[in-house]
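Asks: One structure is given below, represented as structure tokens, and several questions about it will come after.
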Amino acid sequence: MSSAETGEVRGAAPAAAQHSSGRLQSSVDKLLAAGGAAEASGFVIRAVDVSKVYRMGDSETHALRGVTMDIKRGEYLSIMGPSGSGKSTFFNMVGGLDKPTSGKVYIDQVDIAQLDPYELAWLRCRKVGYVFQTFNLIQVMTCLENVTLPMAFAGKNSEEAREKGLEILGLVGLEDRALHKPAEMSGGQQQRVAVARALANSPDILLADEPTANLDLKTGQEIIELFCHLRDKLGVTIITATHDLKMLKASDRIVWIDDGRISRVSSPAELQIDVEEVH
Amino acid sequence: MNRDTTNRTSGAGNGADAGGSSAGVAACSPRPSGSSLQSSLGTQIPLPFRRAFQIALQGLRIRLGRSLVTLSGVVLGIAFLMSTVTTQFIDRAVAKDRDARRQVDVMERVLQFRIGSVKGKTLAVARFGALSPMEEALLARVRAAGPEALRLYSDAPAGNGEGVPLAGFARGAAVVLLLGDSPRCPVSLAELTEGMTTRLVLDGRADRVCIPDAEVRRELFLGKQLDTERERQVRQAEADLFRTIWIVVISLAVTVIGVANALLMSVTERFREIGTMKCLGALSSFIRLLFLIESGLIGLTGSIVGAIVGTVATMTVYGFIWGFAATFGGVDHASLFLAGMCAVVVGTILSMLAALYPAWFASRMVPAAALRSTV
């Protein structure tokens, strides 16, 4: 059902998207001002003509073909696109997990290609929180240990980390399962642990790849509310890849990636209309 | 399709381009201050060794089962190496015993060649002087083979229980064995062999002076056979040295491959974990340190256990052949201990190297690639 809707949406005129982005940015500005967090000056992430080519022997796969995108501070951005569209690749670039073949990615106006490994690690540790589609929890560690690991990397002592870890697990409603291993938990619970881990060092940017894909409606809703709360109260920039309509609705801007290029940018309001048209 | 709907900002991007040296991480273009989010990038501080050690130890403890499998790989490799080395030590320790045993084998074969099976036959043994250990061993074997009778005659002072009157002492015997270290035979061969149907004497010494007799055949136990045996042994020893070196080298290679394989597997199956850790802010050096500590601990424990198991097992097995006194007591303890220490060092370093390579490889991967890998 969802894919049919997206297909329909993509078919809609991109012209509408263009003027909507300006309107959206002004609303984000307002939102951030209301949140009292960062002044909405500058972009937290800028991707300039980013391309990525994977080489497998003789064959080349163009995952990204020159994507340019600016992401404002405190923005909640959703990225949509069919599987294999380069969505995850773009994600990795933006989060500093991969290097572009050409083009530049700036985080806080710093070209991440220029960072030395120490700075890059610092960035991944404190600036960016990652939530992966496959959770990527460390299976042999308990929930609490998973959550406190980034804090250990950030140099927090164990006591402090433990306290904060429990607090964050409480935020995602899992403090009573702190000492369980990921394998003993449901997909939804694991995803919530992953979210808690991403929040461990209070990142400025939260990157989430299909964070609600494996969750039930209620938990998914809770995650969305959590994200909105983070954006509104802490000014965290949130970037998600998702097919979840509720998530799209909550976001400020929706970017569609197809075949390694941005095919359109729209606002949730527009999408809502489109979706209703589908029904 | 390829429409870019986002703004292409110019100012900020150029600023960052121009000043993108790794030293000055802070954004070059001045930005409004006062916001907690506008902090410039910092530098990740390496975790102290103690913390890395804690995490590595915890990792080992948590995946105890997997650690033990890896450990047993190291134990096997080092045990194999140490058993080879210990075998060489035992070989050296029991070389004398082994030579003696070979000589007794030759004597027994000569005896059998002359008279066939000892079983059910009467044998006469004339002893002049002290018996060598080999001769004693031969007599023990002959006794064990179940002859009908074993008559003894000795030139030793009477009263030692061996005093069989000489005349006709070998009557009905198949052979007279002339043993002892005395250089001359005090009685004539004719006297010795009186009453035998086939008057055959087997002498243990080629240089013994005897009064010959036309009817008596005197054969040597250890004449030509022993000489060729000795020559063969000298040649053997030369060949053995080469073989020993070869075996140690091969067992070292087997150890290297076994240990490396165990560690390689345990690291490559954790590529995703390494990728995840890097996403969470782990430095490459931390990941290398983590695996270095982990593999060092596994290598050290495995090597010590392997060295002990390999040595004790080999000594026990050889103990059943040569006697425990010869194996546990006879070897050069200091050298063996030194060899064991070397094996432990080799095992530990090997384990660390074997783990370091894939860990180094994985830590250099961009996290996205490490996360993608499915081993």
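Each chain in the structure tokens gets a letter, A, B, ..., in the order shown, and its residues are numbered from 1; ligands are numbered from 1 in order too.
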Apply DSSP to the structure's backbone, then extract all residues of stretch 60-290 of chain B labelled alpha helix (DSSP H) and return them as a ChimeraX atom specification.

Replies: /B:60-62,64-93,95-115,133-144,189-192,224-268,271-279,284-290

Asks: Using only C-alpha atoms, find the residues of chain A whose closest atom to chain B is at most 8 Å away, then write them as a PyMOL selection string.

Replies: chain A and resi 17-18+21+37-39+41-42+46+48+67-70+92+97-99+106+108-111+114-126+129-130+136-138+140-141+149-150+153-155+204+258+261-265

Asks: With only C-alpha atoms as the atoms that count, which of A:Val193, A:Lys218, A:Lys127, A:Leu171 lies nearest to A:Gln139?

Replies: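 Distance minimum relative to A:Gln139 lands on A:Val193.
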
Asks: So what do you get for atom CA of A:Asn157 versus atom CA of A:Pro211, distance-wise?

Replies: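 If I compute the distance from atom CA of A:Asn157 to atom CA of A:Pro211, I get 29.2 Å.
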
Asks: Can you pull out every residue from stretch 148-351 of chain B that DSSP, working from the backbone, puts in strand (DSSP E or B), and format the result as a list in words?

Replies: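 In stretch 148-351 of chain B, DSSP puts these residues in strand (DSSP E or B): Ala149, Leu150, Arg151, Leu152, Tyr153, Ser154, Val175, Val176, Leu177, Leu178, Leu179, Arg184, Leu200, Val201, Leu202, Asp203, Val209, Arg217, Arg218, Glu219 and Leu220 of chain B.
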
Asks: Excluding stretch 73-88 of chain A and its own-chain neighbours fewer than 5 positions away, which residues fall within 7 Å of it when counting only C-alpha atoms? Please give them as a compact mmCIF listing (two decimals) with C-alpha atoms, in the first residue's frame.

Replies:
```txt
# COMPACT_ATOMS: atom_id res chain seq x y z
CA VAL A 28 11.62 25.76 10.73
CA LEU A 32 13.69 26.77 16.32
CA ALA A 40 18.80 29.03 12.83
CA PHE A 43 23.30 24.81 7.90
CA VAL A 44 24.36 21.99 10.11
CA ALA A 63 25.03 4.88 -5.90
CA LEU A 64 24.91 8.66 -5.87
CA ARG A 231 13.97 18.53 17.81
CA GLY A 235 17.23 21.55 18.71
CA VAL A 236 18.57 18.23 17.49
CA THR A 237 18.70 17.91 13.73
CA ILE A 238 16.97 14.70 12.75
CA ILE A 239 17.46 12.93 9.46
CA THR A 240 15.53 9.77 8.83
CA ALA A 241 14.98 7.39 5.99
CA THR A 242 11.49 6.07 6.24
CA HIS A 243 8.39 4.83 4.52
CA LEU A 248 6.72 11.75 7.07
CA SER A 251 8.99 15.84 9.46
CA ASP A 252 9.68 19.35 8.22
CA ARG A 253 10.89 18.40 4.80
CA ILE A 254 10.81 15.28 2.70
CA VAL A 255 13.49 14.59 0.15
CA TRP A 256 12.97 11.96 -2.51
CA ILE A 257 16.00 10.19 -3.84
CA ASP A 258 15.77 8.12 -6.96
CA ASP A 259 18.60 6.53 -8.91
CA GLY A 260 21.21 8.47 -6.95
```

Asks: Distance atom CA of B:Gly330-atom CA of B:Val249, one decimal place?

Replies: 24.8 Å

Asks: Can you tell me, as an MDAnalysis selection string, what residues are no more than 9 Å from B:Val248 when counting only C-alpha atoms, ignoring any on the same chain fewer than 3 positions away?

Replies: chainID B and resid 81 84:85 243:245 251:253

Asks: Quote the spacing between atom CA of B:Asp91 and atom CA of B:Val256 in Å to one decimal place.

Replies: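 Taking atom CA of B:Asp91 as the start and atom CA of B:Val256 as the end point, the length is 24.6 Å.
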
Asks: Extract, using only C-alpha atoms, all DNA, RNA and protein residues at most 9 Å from B:Pro212, discarding same-chain residues fewer than 4 positions from it, and format them as number ranges by chain.

Replies: B: 188-190, 216-218

Asks: Choose the residue, out of B:Glu294, B:Asp207, B:Glu148, B:Asp240, that has the smallest atom-to-atom separation from B:Leu71; count only C-alpha atoms.

Replies: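 The answer is B:Glu294, which sits nearest to B:Leu71.
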
Asks: So that I can see what lies close to B:Tyr357, please list as an NGL selection string the residues with an atom at most 10 Å from it, counting only C-alpha atoms and leaving out residues fewer than 3 positions away in the same chain.

Replies: :B and (260 or 263-264 or 267 or 288 or 291-292 or 352-354 or 360-363)

Asks: Which is closer to B:Met265 than all the others in B:Leu356, B:Val234, B:Leu202, B:Val309, using only C-alpha atoms?

Replies: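 Comparing B:Leu356, B:Val234, B:Leu202, B:Val309 against B:Met265, the winner is B:Leu356.
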